[in-house]
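Q: What follows is input01.txt, made up of compact mmCIF, C-alpha atoms:
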# COMPACT_ATOMS: atom_id res chain seq x y z
CA MET A 7 3.87 35.01 13.26
CA SER A 8 3.23 31.27 13.26
CA ASP A 9 1.97 29.40 16.34
CA THR A 10 3.85 26.29 15.18
CA PRO A 11 7.21 25.88 16.90
CA PRO A 12 10.17 25.32 14.62
CA ALA A 13 11.34 21.75 14.16
CA SER A 14 14.23 20.81 16.37
CA PRO A 15 16.59 17.84 16.04
CA ASP A 16 14.38 16.08 18.63
CA SER A 17 11.02 16.77 16.98
CA PRO A 18 10.03 15.74 13.46
CA ASP A 19 8.99 18.24 10.83
CA PHE A 20 5.53 16.83 10.02
CA ASP A 21 5.09 18.96 6.89
CA GLU A 22 8.32 17.52 5.50
CA MET A 23 7.32 13.99 6.51
CA THR A 24 3.95 14.42 4.78
CA ARG A 25 5.61 15.61 1.58
CA ASP A 26 8.07 12.72 1.71
CA ILE A 27 5.39 10.04 2.20
CA ALA A 28 3.27 11.58 -0.56
CA GLU A 29 6.05 10.79 -3.02
CA VAL A 30 6.34 7.10 -2.03
CA PRO A 31 4.38 4.61 -4.15
CA ALA A 32 1.87 2.48 -2.22
CA VAL A 33 3.66 -0.74 -3.20
CA GLU A 34 6.84 0.55 -1.56
CA VAL A 35 4.98 1.42 1.65
CA ILE A 36 3.36 -2.05 1.75
CA VAL A 37 6.67 -3.83 1.13
CA THR A 38 8.44 -1.70 3.75
CA VAL A 39 5.79 -2.48 6.37
CA ALA A 40 5.97 -6.19 5.47
CA VAL A 41 9.76 -6.25 5.79
CA ASN A 42 9.55 -4.48 9.16
CA LEU A 43 7.01 -7.05 10.39
CA MET A 44 9.24 -9.87 9.13
CA SER A 45 12.31 -8.43 10.84
CA ALA A 46 10.49 -7.91 14.12
CA ALA A 47 9.08 -11.46 13.99
CA ALA A 48 12.54 -12.89 13.34
CA VAL A 49 13.87 -11.09 16.42
CA LYS A 50 10.97 -12.35 18.54
CA LEU A 51 11.58 -15.90 17.26
CA GLY A 52 15.21 -15.67 18.41
CA LEU A 53 16.58 -15.91 14.86
CA THR A 54 19.06 -13.06 15.18
CA GLU A 55 22.64 -13.02 16.45
CA GLU A 56 21.33 -12.25 19.94
CA GLY A 57 19.43 -15.55 19.85
CA ASP A 58 17.10 -16.06 22.78
CA LYS A 59 17.79 -12.65 24.33
CA TYR A 60 14.64 -11.16 22.73
CA LYS A 61 12.73 -14.38 22.09
CA ASP A 62 9.02 -14.02 22.80
CA LEU A 63 6.74 -16.43 20.95
CA ASP A 64 3.56 -14.59 21.95
CA GLU A 65 4.89 -11.42 20.35
CA ALA A 66 6.16 -13.38 17.33
CA ARG A 67 2.69 -14.90 16.84
CA LYS A 68 1.12 -11.44 16.68
CA LEU A 69 3.68 -10.14 14.21
CA ILE A 70 3.43 -13.18 11.93
CA HIS A 71 -0.36 -13.00 12.00
CA ALA A 72 -0.26 -9.29 11.10
CA LEU A 73 2.18 -10.00 8.27
CA ALA A 74 -0.07 -12.75 6.89
CA GLY A 75 -3.07 -10.42 7.03
CA LEU A 76 -1.15 -7.69 5.22
CA MET A 77 -0.02 -10.15 2.56
CA ASP A 78 -3.54 -11.51 2.13
CA GLY A 79 -5.04 -8.05 1.89
CA SER A 80 -2.46 -6.67 -0.50
CA ALA A 81 -1.86 -9.70 -2.73
CA THR A 82 -3.81 -8.24 -5.64
CA GLU A 83 -2.28 -4.81 -5.15
CA ILE A 84 1.39 -5.70 -5.38
CA SER A 85 3.06 -7.58 -8.20
CA SER A 86 4.37 -11.13 -7.99
CA PHE A 87 7.84 -9.60 -8.17
CA HIS A 88 7.23 -8.09 -4.72
CA ALA A 89 4.81 -10.66 -3.30
CA ALA A 90 6.75 -13.88 -3.98
CA PRO A 91 9.75 -13.19 -1.72
CA LEU A 92 7.45 -11.85 1.00
CA ARG A 93 5.33 -15.02 0.85
CA ASP A 94 8.51 -17.11 1.08
CA GLY A 95 9.67 -15.13 4.10
CA LEU A 96 6.27 -15.48 5.75
CA LYS A 97 6.30 -19.24 5.26
CA SER A 98 9.82 -19.45 6.71
CA LEU A 99 8.71 -17.50 9.78
CA GLN A 100 5.66 -19.73 10.18
CA LEU A 101 7.86 -22.83 10.01
CA ALA A 102 10.35 -21.33 12.47
CA PHE A 103 7.49 -20.55 14.84
CA ARG A 104 6.23 -24.14 14.61
CA GLU A 105 9.74 -25.45 15.32
CA ALA A 106 10.26 -23.08 18.27
CA SER A 107 6.95 -23.98 19.92
CA LEU A 108 7.12 -26.52 22.72
CA VAL A 109 3.54 -27.54 21.90
CA PRO A 110 3.03 -26.81 18.19
CA ASP A 111 -0.35 -25.55 17.01
CA GLU A 112 -2.55 -27.90 15.02
CA PRO A 113 -2.08 -27.40 11.26
CA GLY A 114 -4.20 -24.43 10.24
CA GLN A 115 -4.14 -22.91 13.75
CA GLY A 116 -0.65 -21.38 13.71
CA PRO A 117 0.03 -17.68 13.31
CA GLY A 118 -1.32 -16.36 10.02
CA GLU A 119 -2.53 -19.77 8.87
CA LYS A 120 -6.11 -18.53 8.62
CA TYR A 121 -4.78 -16.46 5.69
CA THR A 122 -2.18 -18.82 4.22
CA GLY A 123 -3.63 -22.24 4.94
CA PRO A 124 -1.97 -24.90 7.05
CA ILE A 125 1.81 -24.98 7.35
CA TYR A 126 3.39 -28.37 7.87
CA GLY A 127 6.95 -28.71 9.03
Show the structure stored in the file as structure tokens.

A:
Amino acid sequence: MSDTPPASPDSPDFDEMTRDIAEVPAVEVIVTVAVNLMSAAAVKLGLTEEGDKYKDLDEARKLIHALAGLMDGSATEISSFHAAPLRDGLKSLQLAFREASLVPDEPGQGPGEKYTGPIYG
């Protein structure tokens, strides 16, 4: 008899999750995480249909910085096919952050700019 309780609709089956993630290529995991960071940053920048309802520039800064770090760290691991649109999205978020800031950061000091270089907008 197993000491592990059976999975219920409310609790995940970790063995199944482990098998599923084992089958996913690393590039797909990296891209998925990057897209999730981009989406969350867009929400925190107020770029969604809800607009300012969820706007929080401090949170957006953290998400954009994390995205830039992920992109910098994985640039040699993912192909240009995957990296180019993610870099474009990152730059768009950085520009949107600069535009949304009442007192914009100095060039090179904005979120993620330590990884990407200065963003001018």

Q: With all atoms listed in the file as the basis for distance, which of A:Asn42, A:Pro124, A:Asp21, A:Leu108 is at the shortest distance from Leu92 (chain A)?

A: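 Checking each of A:Asn42, A:Pro124, A:Asp21, A:Leu108 against Leu92 (chain A), counting all atoms listed in the file, the winner is A:Asn42.
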
Q: When you draw a straight line from CA of Glu29 (chain A) to CA of Leu73 (chain A), how long is it in Å?

A: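 Spanning CA of Glu29 (chain A) to CA of Leu73 (chain A) is a straight-line distance of 24.0 Å.
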
Q: So, with all atoms listed in the file as the atoms that count, which of A:Leu53, A:Ile125, A:Leu99, A:Ile84 lies closest to Glu34 (chain A)?

A: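 Using all atoms listed in the file, Glu34 (chain A) sits closest to A:Ile84.
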
Q: List as a PDB file with C-alpha atoms, in the frame of the given file the residues having at least one atom at most 10 Å from position (8.2, -14.8, 13.7) as given in the file, counting all atoms listed in the file.

A:
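Wrote it out as selection35.pdb, contents follow:
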ATOM      1  CA  LEU A  43       7.010  -7.050  10.390  1.00  0.00           C
ATOM      2  CA  MET A  44       9.240  -9.870   9.130  1.00  0.00           C
ATOM      3  CA  SER A  45      12.310  -8.430  10.840  1.00  0.00           C
ATOM      4  CA  ALA A  46      10.490  -7.910  14.120  1.00  0.00           C
ATOM      5  CA  ALA A  47       9.080 -11.460  13.990  1.00  0.00           C
ATOM      6  CA  ALA A  48      12.540 -12.890  13.340  1.00  0.00           C
ATOM      7  CA  VAL A  49      13.870 -11.090  16.420  1.00  0.00           C
ATOM      8  CA  LYS A  50      10.970 -12.350  18.540  1.00  0.00           C
ATOM      9  CA  LEU A  51      11.580 -15.900  17.260  1.00  0.00           C
ATOM     10  CA  GLY A  52      15.210 -15.670  18.410  1.00  0.00           C
ATOM     11  CA  LEU A  53      16.580 -15.910  14.860  1.00  0.00           C
ATOM     12  CA  LYS A  61      12.730 -14.380  22.090  1.00  0.00           C
ATOM     13  CA  ASP A  62       9.020 -14.020  22.800  1.00  0.00           C
ATOM     14  CA  LEU A  63       6.740 -16.430  20.950  1.00  0.00           C
ATOM     15  CA  ASP A  64       3.560 -14.590  21.950  1.00  0.00           C
ATOM     16  CA  GLU A  65       4.890 -11.420  20.350  1.00  0.00           C
ATOM     17  CA  ALA A  66       6.160 -13.380  17.330  1.00  0.00           C
ATOM     18  CA  ARG A  67       2.690 -14.900  16.840  1.00  0.00           C
ATOM     19  CA  LYS A  68       1.120 -11.440  16.680  1.00  0.00           C
ATOM     20  CA  LEU A  69       3.680 -10.140  14.210  1.00  0.00           C
ATOM     21  CA  ILE A  70       3.430 -13.180  11.930  1.00  0.00           C
ATOM     22  CA  HIS A  71      -0.360 -13.000  12.000  1.00  0.00           C
ATOM     23  CA  LEU A  73       2.180 -10.000   8.270  1.00  0.00           C
ATOM     24  CA  GLY A  95       9.670 -15.130   4.100  1.00  0.00           C
ATOM     25  CA  LEU A  96       6.270 -15.480   5.750  1.00  0.00           C
ATOM     26  CA  LYS A  97       6.300 -19.240   5.260  1.00  0.00           C
ATOM     27  CA  SER A  98       9.820 -19.450   6.710  1.00  0.00           C
ATOM     28  CA  LEU A  99       8.710 -17.500   9.780  1.00  0.00           C
ATOM     29  CA  GLN A 100       5.660 -19.730  10.180  1.00  0.00           C
ATOM     30  CA  LEU A 101       7.860 -22.830  10.010  1.00  0.00           C
ATOM     31  CA  ALA A 102      10.350 -21.330  12.470  1.00  0.00           C
ATOM     32  CA  PHE A 103       7.490 -20.550  14.840  1.00  0.00           C
ATOM     33  CA  ARG A 104       6.230 -24.140  14.610  1.00  0.00           C
ATOM     34  CA  ALA A 106      10.260 -23.080  18.270  1.00  0.00           C
ATOM     35  CA  PRO A 117       0.030 -17.680  13.310  1.00  0.00           C
TER      36      PRO A 117
END

Q: Counting only C-alpha atoms, which of A:Asp111, A:Glu119, A:Glu83, A:Asp94 gets nearest to Ala32 (chain A)?

A: A:Glu83

Q: Using CA of Thr24 (chain A) and CA of Ser85 (chain A) as the two end points, give the distance in Å to one decimal.

A: 25.6 Å

Q: For Val33 (chain A), which residue out of A:Tyr121, A:His88, A:Lys59, A:Leu76 is the nearest one, using all atoms listed in the file?

A: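 Of A:Tyr121, A:His88, A:Lys59, A:Leu76, the one nearest Val33 (chain A) is A:His88, counting all atoms listed in the file.
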
Q: Quick one: pull the distance between CA of Val30 (chain A) and CA of Ser80 (chain A), Å, one decimal.

A: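 Computed distance, CA of Val30 (chain A) to CA of Ser80 (chain A), equals 16.4 Å.
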
Q: Which one of A:Pro91, A:Pro110, A:Pro31, A:Gly79 sits closest to Thr122 (chain A) if you count all atoms listed in the file?

A: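 Smallest distance to Thr122 (chain A) is found for A:Gly79.
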
Q: Which is closest to Arg93 (chain A) among A:Met77, A:Val39, A:Val109, A:Met23, if we use only C-alpha atoms?

A: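 With only C-alpha atoms as the atom set, the closest residue is A:Met77.
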